[in-house]
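The structure file model-v2.csv is reproduced below (CSV, C-alpha atoms and all ligand atoms).
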```csv
chain,number,residue,atom,x,y,z
A,204,MET,CA,0.0,0.0,0.0
A,205,LYS,CA,2.8,2.4,1.0
A,206,LYS,CA,4.6,1.7,-2.3
A,207,PHE,CA,1.4,2.3,-4.3
A,208,GLU,CA,0.7,5.5,-2.5
A,209,SER,CA,4.2,6.8,-3.1
A,210,THR,CA,3.7,6.3,-6.9
A,211,ARG,CA,0.6,8.6,-6.9
A,212,ILE,CA,1.5,11.3,-4.4
A,213,ILE,CA,3.0,14.4,-5.9
A,214,HIS,CA,5.0,16.5,-3.5
A,215,SER,CA,5.5,20.2,-4.1
A,216,ASN,CA,8.1,22.0,-2.0
A,217,LYS,CA,10.1,25.2,-2.1
A,218,ILE,CA,13.5,25.3,-3.6
A,219,LYS,CA,15.8,26.3,-0.8
A,220,LYS,CA,19.0,26.8,-2.8
A,221,ILE,CA,20.3,26.6,-6.3
A,222,ILE,CA,24.0,26.0,-7.0
A,223,GLU,CA,25.5,26.5,-10.4
A,224,GLU,CA,28.0,23.7,-10.6
A,225,ASN,CA,29.3,24.3,-14.1
A,226,TYR,CA,28.3,25.4,-17.7
A,227,ARG,CA,25.5,22.8,-17.8
A,228,ILE,CA,24.8,21.4,-14.3
A,229,LYS,CA,22.8,23.0,-11.5
A,230,THR,CA,22.2,21.5,-8.1
A,231,ILE,CA,18.8,22.1,-6.5
A,232,GLU,CA,18.3,21.8,-2.8
A,233,ILE,CA,14.7,21.4,-1.8
A,234,ASP,CA,13.2,22.5,1.5
A,235,HIS,CA,12.1,19.0,2.4
A,236,SER,CA,13.6,15.7,3.6
A,237,ILE,CA,12.4,12.2,2.6
A,238,GLU,CA,13.2,8.6,3.5
A,239,ALA,CA,15.3,7.4,0.6
A,240,LEU,CA,18.2,5.1,0.0
A,241,PRO,CA,21.3,5.8,-2.2
A,242,GLY,CA,20.6,4.8,-5.8
A,243,GLN,CA,17.0,5.6,-5.7
A,244,PHE,CA,15.5,8.4,-7.9
A,245,LEU,CA,12.6,10.9,-8.0
A,246,MET,CA,10.3,11.6,-10.9
A,247,VAL,CA,10.5,15.4,-11.1
A,248,TRP,CA,7.6,17.1,-12.8
A,249,ILE,CA,7.4,20.4,-14.6
A,250,PRO,CA,3.7,21.0,-15.1
A,251,GLY,CA,2.8,21.3,-18.8
A,252,VAL,CA,6.3,20.2,-19.9
A,253,GLY,CA,7.0,16.7,-18.6
A,254,GLU,CA,8.4,14.4,-15.9
A,255,ARG,CA,11.9,13.0,-15.8
A,256,PRO,CA,13.8,10.7,-13.4
A,257,MET,CA,16.5,12.4,-11.3
A,258,SER,CA,18.9,10.7,-9.0
A,259,ILE,CA,18.7,11.6,-5.3
A,260,GLY,CA,22.0,13.2,-4.2
A,261,ASN,CA,21.0,13.6,-0.6
A,262,ASN,CA,17.8,13.0,1.4
A,263,ASP,CA,18.1,15.8,4.0
A,264,PRO,CA,17.8,18.3,2.5
A,265,LEU,CA,16.5,16.6,-0.6
A,266,THR,CA,18.9,17.3,-3.3
A,267,ILE,CA,19.2,16.7,-7.1
A,268,SER,CA,21.6,17.9,-9.8
A,269,VAL,CA,20.3,18.5,-13.3
A,270,ALA,CA,22.3,18.7,-16.5
A,271,ASN,CA,20.6,21.0,-19.1
A,272,VAL,CA,20.3,18.7,-22.1
A,273,GLY,CA,16.7,19.0,-23.4
A,274,LYS,CA,13.1,19.9,-22.9
A,275,VAL,CA,12.4,19.1,-19.2
A,276,SER,CA,15.9,19.6,-17.8
A,277,GLY,CA,16.0,23.0,-19.6
A,278,LYS,CA,12.9,24.1,-17.8
A,279,MET,CA,14.3,22.8,-14.5
A,280,HIS,CA,17.2,25.1,-15.1
A,281,GLU,CA,14.8,28.1,-15.2
A,282,LEU,CA,13.5,27.4,-11.7
A,283,LYS,CA,14.4,30.0,-9.0
A,284,GLU,CA,15.1,29.8,-5.3
A,285,GLY,CA,11.8,30.1,-3.4
A,286,GLU,CA,9.7,28.6,-6.2
A,287,LEU,CA,8.0,25.3,-5.9
A,288,ILE,CA,9.3,22.0,-7.4
A,289,SER,CA,7.1,18.9,-7.8
A,290,TYR,CA,8.1,15.3,-7.7
A,291,ARG,CA,7.0,11.7,-6.9
A,292,GLY,CA,9.1,9.0,-5.3
A,293,PRO,CA,11.5,7.7,-4.2
A,294,PHE,CA,11.6,4.9,-6.7
A,295,GLY,CA,13.9,2.1,-7.8
A,296,ASN,CA,16.2,-0.4,-6.2
A,297,PRO,CA,19.0,1.1,-4.2
A,298,PHE,CA,22.7,0.2,-4.0
A,299,THR,CA,23.6,-2.5,-1.5
A,300,LEU,CA,24.9,-0.8,1.6
A,301,PRO,CA,28.3,-2.1,2.6
A,302,GLN,CA,28.8,-3.5,6.1
A,303,ASN,CA,30.9,-1.9,8.8
A,304,GLY,CA,34.6,-2.3,8.1
A,305,LYS,CA,34.3,-3.0,4.4
A,306,ARG,CA,36.3,-1.0,1.9
A,307,ILE,CA,34.4,0.4,-1.0
A,308,LEU,CA,35.5,2.3,-4.2
A,309,VAL,CA,32.9,4.7,-5.6
A,310,ILE,CA,33.3,6.0,-9.2
A,311,GLY,CA,31.3,8.8,-10.7
A,312,GLY,CA,31.4,10.4,-14.1
A,313,GLY,CA,29.5,13.7,-14.9
A,314,TYR,CA,26.3,13.9,-12.9
A,315,GLY,CA,26.7,10.2,-12.1
A,316,VAL,CA,28.6,11.4,-9.1
A,317,VAL,CA,25.3,12.5,-7.5
A,318,PRO,CA,23.9,9.1,-6.4
A,319,ILE,CA,27.5,8.0,-5.8
A,320,TYR,CA,28.0,10.8,-3.2
A,321,PHE,CA,24.8,9.8,-1.4
A,322,LEU,CA,26.0,6.2,-1.2
A,323,ALA,CA,29.5,7.2,0.0
A,324,LYS,CA,28.0,9.4,2.7
A,325,VAL,CA,25.7,6.7,4.1
A,326,ALA,CA,28.4,4.0,3.7
A,327,LYS,CA,30.8,6.2,5.8
A,328,GLU,CA,28.2,6.7,8.4
A,329,ASN,CA,27.8,2.9,8.5
A,330,GLY,CA,31.5,2.5,9.2
A,331,ALA,CA,32.8,1.6,5.7
A,332,GLY,CA,36.1,2.9,4.3
A,333,VAL,CA,35.4,5.0,1.2
A,334,TYR,CA,37.8,5.7,-1.7
A,335,SER,CA,36.5,7.7,-4.5
A,336,VAL,CA,37.3,8.6,-8.2
A,337,ILE,CA,35.5,11.3,-10.1
A,338,GLY,CA,36.0,11.4,-13.9
A,339,GLY,CA,35.2,14.1,-16.5
A,340,ARG,CA,36.0,15.1,-20.0
A,341,THR,CA,37.7,18.3,-18.7
A,342,GLU,CA,38.2,20.1,-15.5
A,343,ARG,CA,34.9,21.9,-16.1
A,344,ASP,CA,33.0,18.6,-16.0
A,345,ILE,CA,34.1,17.6,-12.4
A,346,VAL,CA,31.2,18.2,-10.0
A,347,TRP,CA,30.5,17.4,-6.4
A,348,GLU,CA,34.2,17.1,-5.6
A,349,LYS,CA,34.0,18.8,-2.2
A,350,GLN,CA,31.1,16.7,-1.1
A,351,LEU,CA,32.9,13.4,-2.0
A,352,PHE,CA,36.2,14.6,-0.5
A,353,MET,CA,34.4,15.1,2.9
A,354,VAL,CA,33.2,11.5,3.1
A,355,SER,CA,36.2,9.7,1.5
A,356,THR,CA,39.5,8.5,2.9
A,357,GLU,CA,41.0,9.6,-0.4
A,358,THR,CA,39.5,11.2,-3.5
A,359,PHE,CA,41.1,11.0,-7.0
A,360,ILE,CA,40.2,13.0,-10.1
A,361,THR,CA,40.8,12.0,-13.8
A,362,THR,CA,40.1,14.0,-16.9
A,363,ASP,CA,40.2,12.9,-20.6
A,364,ASP,CA,42.4,15.9,-21.5
A,365,GLY,CA,44.5,16.0,-18.3
A,366,SER,CA,43.3,19.5,-17.3
A,367,ARG,CA,42.6,18.2,-13.7
A,368,GLY,CA,44.0,15.2,-11.9
A,369,LYS,CA,45.4,12.3,-13.9
A,370,LYS,CA,45.0,12.2,-17.7
A,371,GLY,CA,42.8,9.4,-18.9
A,372,THR,CA,39.7,7.6,-17.8
A,373,VAL,CA,38.7,6.6,-14.2
A,374,LEU,CA,40.4,3.3,-14.8
A,375,VAL,CA,43.9,4.8,-14.4
A,376,GLU,CA,43.1,5.3,-10.7
A,377,ALA,CA,40.5,2.5,-10.2
A,378,GLU,CA,42.8,-0.4,-11.1
A,379,TRP,CA,45.6,0.3,-8.6
A,380,LEU,CA,43.0,1.3,-5.9
A,381,ILE,CA,41.3,-2.1,-6.3
A,382,LYS,CA,44.6,-3.9,-5.9
A,383,GLU,CA,46.4,-1.7,-3.3
A,384,LYS,CA,43.5,-0.8,-1.0
A,385,LYS,CA,42.0,-4.3,-1.1
A,386,ILE,CA,38.6,-3.0,-2.2
A,387,ASP,CA,35.6,-5.2,-1.3
A,388,HIS,CA,32.9,-3.5,-3.4
A,389,VAL,CA,32.9,-1.1,-6.3
A,390,TYR,CA,29.9,1.2,-7.1
A,391,THR,CA,29.7,3.3,-10.3
A,392,CYS,CA,27.4,5.7,-12.1
A,393,GLY,CA,28.1,7.8,-15.2
A,394,PRO,CA,28.5,7.3,-19.0
A,395,GLU,CA,27.8,3.7,-20.0
A,396,LYS,CA,31.2,3.2,-21.7
A,397,MET,CA,32.8,4.1,-18.3
A,398,MET,CA,30.6,1.8,-16.3
A,399,GLU,CA,31.1,-1.1,-18.8
A,400,ALA,CA,34.9,-0.7,-18.4
A,401,VAL,CA,34.5,-0.6,-14.6
A,402,ALA,CA,32.3,-3.7,-14.6
A,403,LYS,CA,34.8,-5.6,-16.7
A,404,LEU,CA,37.7,-4.5,-14.5
A,405,CYS,CA,35.8,-5.8,-11.4
A,406,LYS,CA,35.1,-9.1,-13.1
A,407,GLU,CA,38.8,-9.4,-13.9
A,408,TYR,CA,39.7,-8.8,-10.2
A,409,ASP,CA,36.7,-10.7,-8.9
A,410,VAL,CA,35.4,-7.7,-6.9
A,411,ALA,CA,31.7,-7.1,-6.4
A,412,CYS,CA,30.4,-4.3,-8.5
A,413,GLU,CA,27.1,-2.4,-8.9
A,414,VAL,CA,26.2,0.1,-11.6
A,415,SER,CA,23.3,2.5,-12.0
A,416,LEU,CA,21.7,2.4,-15.5
A,417,GLU,CA,20.0,5.3,-17.3
A,418,ARG,CA,17.1,4.4,-19.7
A,419,TYR,CA,14.3,6.5,-21.0
A,420,MET,CA,11.5,6.4,-18.4
A,421,LYS,CA,8.0,7.7,-18.6
A,422,CYS,CA,6.2,6.4,-15.5
A,423,GLY,CA,9.0,5.4,-13.2
A,424,VAL,CA,6.8,2.6,-11.7
A,425,GLY,CA,6.9,-0.3,-14.1
A,426,VAL,CA,3.7,0.4,-16.0
A,427,CYS,CA,4.7,2.0,-19.4
A,428,GLY,CA,7.5,-0.3,-20.3
A,429,SER,CA,9.6,2.5,-21.9
A,430,CYS,CA,12.7,1.5,-19.9
A,431,ALA,CA,12.7,-2.2,-20.8
A,432,VAL,CA,16.1,-3.7,-21.1
A,433,ASP,CA,16.3,-7.3,-22.2
A,434,GLY,CA,13.1,-8.2,-20.4
A,435,LYS,CA,13.9,-6.2,-17.3
A,436,LEU,CA,12.5,-2.8,-16.4
A,437,CYS,CA,15.2,-0.3,-15.5
A,438,CYS,CA,12.8,1.6,-13.1
A,439,GLN,CA,11.7,-1.5,-11.2
A,440,ASP,CA,14.5,-4.1,-11.5
A,441,GLY,CA,17.1,-1.2,-11.4
A,442,PRO,CA,18.3,1.4,-11.9
A,443,VAL,CA,21.0,-0.4,-9.9
A,444,PHE,CA,22.2,-3.7,-11.3
A,445,THR,CA,25.2,-5.9,-10.5
A,446,GLY,CA,28.1,-5.6,-12.8
A,447,GLU,CA,27.4,-9.1,-14.1
A,448,GLU,CA,23.8,-8.3,-14.8
A,449,ALA,CA,24.7,-5.2,-16.6
A,450,LEU,CA,27.4,-6.9,-18.7
A,451,SER,CA,24.7,-9.4,-19.8
A,452,ILE,CA,22.4,-6.6,-21.1
A,453,SER,CA,22.8,-6.6,-24.9
A,454,ASP,CA,23.1,-2.8,-25.4
A,455,PHE,CA,25.0,-2.0,-22.2
A,456,GLY,CA,28.0,0.3,-23.0
A,457,LYS,CA,26.7,1.0,-26.5
A,458,ARG,CA,24.9,4.3,-25.8
A,459,LYS,CA,26.1,7.8,-24.9
A,460,ARG,CA,24.8,11.3,-24.8
A,461,ASP,CA,26.2,13.6,-27.5
A,462,ALA,CA,27.0,17.3,-26.7
A,463,THR,CA,23.3,18.3,-27.3
A,464,GLY,CA,22.1,15.6,-24.8
A,465,ARG,CA,20.8,13.2,-27.5
A,466,LEU,CA,21.3,9.6,-26.5
A,467,GLU,CA,23.0,7.9,-29.4
A,468,ASP,CA,24.4,4.4,-30.2
A,469,ILE,CA,28.2,4.3,-30.1
A,501,LIG,C1,17.4,6.5,-13.0
A,501,LIG,C2,17.8,7.8,-13.8
A,501,LIG,C3,18.4,8.8,-13.1
A,501,LIG,C4,18.8,10.0,-13.7
A,501,LIG,N1,19.4,11.0,-13.0
A,501,LIG,C5,19.7,12.1,-13.5
A,501,LIG,C6,20.3,13.2,-12.8
A,501,LIG,O1,20.7,13.0,-11.6
A,501,LIG,N2,20.6,14.3,-13.4
A,501,LIG,C7,20.3,14.5,-14.7
A,501,LIG,O2,20.5,15.6,-15.3
A,501,LIG,N3,19.7,13.6,-15.5
A,501,LIG,C8,19.4,12.4,-14.9
A,501,LIG,N4,18.7,11.4,-15.7
A,501,LIG,C9,18.4,11.7,-17.1
A,501,LIG,C10,17.0,12.5,-17.1
A,501,LIG,O3,16.0,11.7,-16.6
A,501,LIG,C11,16.6,12.9,-18.5
A,501,LIG,O4,16.7,11.9,-19.4
A,501,LIG,C12,17.4,14.1,-19.0
A,501,LIG,O5,17.3,15.2,-18.1
A,501,LIG,C13,16.9,14.5,-20.4
A,501,LIG,O6,15.5,15.0,-20.3
A,501,LIG,P1,15.1,16.2,-21.2
A,501,LIG,O7,13.6,16.3,-21.2
A,501,LIG,O8,15.8,17.5,-20.7
A,501,LIG,O9,15.6,15.9,-22.6
A,501,LIG,P2,14.7,15.4,-23.8
A,501,LIG,O10,14.2,16.6,-24.5
A,501,LIG,O11,13.8,14.3,-23.4
A,501,LIG,O12,15.9,14.7,-24.7
A,501,LIG,C14,17.1,15.4,-25.0
A,501,LIG,C15,17.6,14.8,-26.3
A,501,LIG,O13,17.9,13.3,-26.0
A,501,LIG,C16,17.1,12.6,-26.9
A,501,LIG,N5,16.6,11.4,-26.2
A,501,LIG,C17,16.0,11.4,-25.0
A,501,LIG,N6,15.8,10.1,-24.6
A,501,LIG,C18,16.3,9.3,-25.6
A,501,LIG,C19,16.4,7.9,-25.8
A,501,LIG,N7,16.0,7.0,-24.9
A,501,LIG,N8,17.0,7.5,-26.9
A,501,LIG,C20,17.5,8.3,-27.8
A,501,LIG,N9,17.4,9.7,-27.7
A,501,LIG,C21,16.8,10.1,-26.6
A,501,LIG,C22,15.9,13.5,-27.3
A,501,LIG,O14,15.5,13.1,-28.6
A,501,LIG,C23,16.6,14.8,-27.4
A,501,LIG,O15,17.4,15.0,-28.6
A,501,LIG,C24,18.4,10.2,-15.1
A,501,LIG,C25,17.8,9.2,-15.8
A,501,LIG,C26,17.5,8.0,-15.1
A,501,LIG,C27,16.8,6.9,-15.9
```

Represent the structure contained in this file as structure tokens.
Amino acid sequence: MKKFESTRIIHSNKIKKIIEENYRIKTIEIDHSIEALPGQFLMVWIPGVGERPMSIGNNDPLTISVANVGKVSGKMHELKEGELISYRGPFGNPFTLPQNGKRILVIGGGYGVVPIYFLAKVAKENGAGVYSVIGGRTERDIVWEKQLFMVSTETFITTDDGSRGKKGTVLVEAEWLIKEKKIDHVYTCGPEKMMEAVAKLCKEYDVACEVSLERYMKCGVGVCGSCAVDGKLCCQDGPVFTGEEALSISDFGKRKRDATGRLEDI
């Protein structure tokens, strides 16, 4: 009953704070807190425009980060502090929370760092050791660095062009961290090519891995079928999948957003 209710109830609360992270991402802090687990998402609604899934970056205050790539996200970028924002949720299967004393590696690319931070924060509160890697195309694409730094034993940055941190993909830091720090569990969210590489690396080193998938969702609650992936629904069975599950999905790692936000096959 509770789950059914949460699919229907639309919350509208005031925007407490808007942070301009970079040329295309804004963080929206909402004057509200909810019971949510890392990896879950909200369906954020702009009346008359549409509804889109957004990862939860924090539950208190409720926080999301939005990249301006299209119709609905563009309208979200026009919202101002003090105005109302509407949403349903939380929805989706969360990440598995590590037990006390476990060592985890969290890897975020672009706005994928948002759910990864929420996980890292809760994992640290639960007594896990957290190492983190943030990847971006350039220095300008690195977001939520301070937040991750605050909850991690060590944080590493990589950029494709070397303008910040080590030059290359997140793998240049992830591989030695897995070996040297004796990582028990890796969690990742970001571009699929990156997550595919991380999942393969974890398979090679026999380390548990979870990834958060992004698919086009309309309802968020398993009714419309828009987010079907090889017989599974991203909204209900995911968005978090094990690395093994993700690697078995036929189009995993074969899609990316171009500069305009369009999802295209690689
Ligand atoms: C679980 C989950 C969590 C997410 N978390 C975040 C988040 O934290 N922050 C964030 O910014 N975004 C997040 N997203 C993405 C977000 O939900 C929207 O997809 C994104 O904001 C684009 O919506 P839009 O209306 O702005 O763009 P649209 O106008 O819908 O699309 C922009 C462009 O992409 C194309 N397009 C859209 N979907 C597809 C598709 N399936 N295949 C091919 N082309 C397509 C459109 O044709 C258009 O050219 C998440 C998605 C999921 C599934």

Practice problem: Find the distance between CA of Met420 in chain A and CA of Lys283 in chain A and write it in Å to one decimal. | Solution: 25.6 Å

Self-check item: Test item: residues lying within 7 Å of ligand LIG 501 (chain A) with all atoms listed in the file, as a PyMOL selection string
Solution: chain A and resi 244+255-259+267-277+314-315+317+416-420+438+442+463-467

Quiz item: Distance CA of Leu265 in chain A-CA of Ser236 in chain A, one decimal place?
Solution: 5.2 Å

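Considering the residues A:Gly292, A:Pro318, A:Gly312, A:Pro264 and counting only C-alpha atoms, Gly242 in chain A has its shortest atom-to-atom contact with A:Pro318.
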
Quiz item: Distance CA of Thr266 in chain A-CA of Val354 in chain A, one decimal place?
Solution: 16.7 Å

Exercise. Counting only C-alpha atoms, note down every residue that has an atom within 6 Å of the point (10.6, 22.8, -4.8) (file coordinates), as a PyMOL selection string.
Key: chain A and resi 215-218+233+287-288

Output file for the residues above (C-alpha atoms, as an mmCIF file, keeping the file's coordinate frame):
```
data_model
loop_
_atom_site.group_PDB
_atom_site.id
_atom_site.type_symbol
_atom_site.label_atom_id
_atom_site.label_comp_id
_atom_site.auth_asym_id
_atom_site.auth_seq_id
_atom_site.Cartn_x
_atom_site.Cartn_y
_atom_site.Cartn_z
ATOM 1 C CA SER A 215 5.500 20.200 -4.100
ATOM 2 C CA ASN A 216 8.100 22.000 -2.000
ATOM 3 C CA LYS A 217 10.100 25.200 -2.100
ATOM 4 C CA ILE A 218 13.500 25.300 -3.600
ATOM 5 C CA ILE A 233 14.700 21.400 -1.800
ATOM 6 C CA LEU A 287 8.000 25.300 -5.900
ATOM 7 C CA ILE A 288 9.300 22.000 -7.400
#
```

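Comparing the minimum interatomic distances between Gln243 in chain A and each of A:Ile228, A:Ile319, A:Cys405, A:Met397, counting all atoms listed in the file, we find that A:Ile319 sits nearest.
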
Exercise. Identify, on the basis of all atoms listed in the file, every residue whose closest approach to range 373-384 of chain A does not exceed 12 Å; exclude the query and any residue fewer than 3 positions from it along the same chain; express the result as a ChimeraX atom specification.
Key: /A:305-313,332-340,356-363,365,368-370,387-394,396-412

Tyr320 in chain A: which residues within 8 Å, counting all atoms listed in the file, same-chain residues fewer than 4 positions away excluded, as an mmCIF file with C-alpha atoms, in the frame of the given file?
```cif
data_model
loop_
_atom_site.group_PDB
_atom_site.id
_atom_site.type_symbol
_atom_site.label_atom_id
_atom_site.label_comp_id
_atom_site.auth_asym_id
_atom_site.auth_seq_id
_atom_site.Cartn_x
_atom_site.Cartn_y
_atom_site.Cartn_z
ATOM 1 C CA GLY A 260 22.000 13.200 -4.200
ATOM 2 C CA ASN A 261 21.000 13.600 -0.600
ATOM 3 C CA VAL A 316 28.600 11.400 -9.100
ATOM 4 C CA LYS A 324 28.000 9.400 2.700
ATOM 5 C CA TRP A 347 30.500 17.400 -6.400
ATOM 6 C CA GLN A 350 31.100 16.700 -1.100
ATOM 7 C CA LEU A 351 32.900 13.400 -2.000
#
```
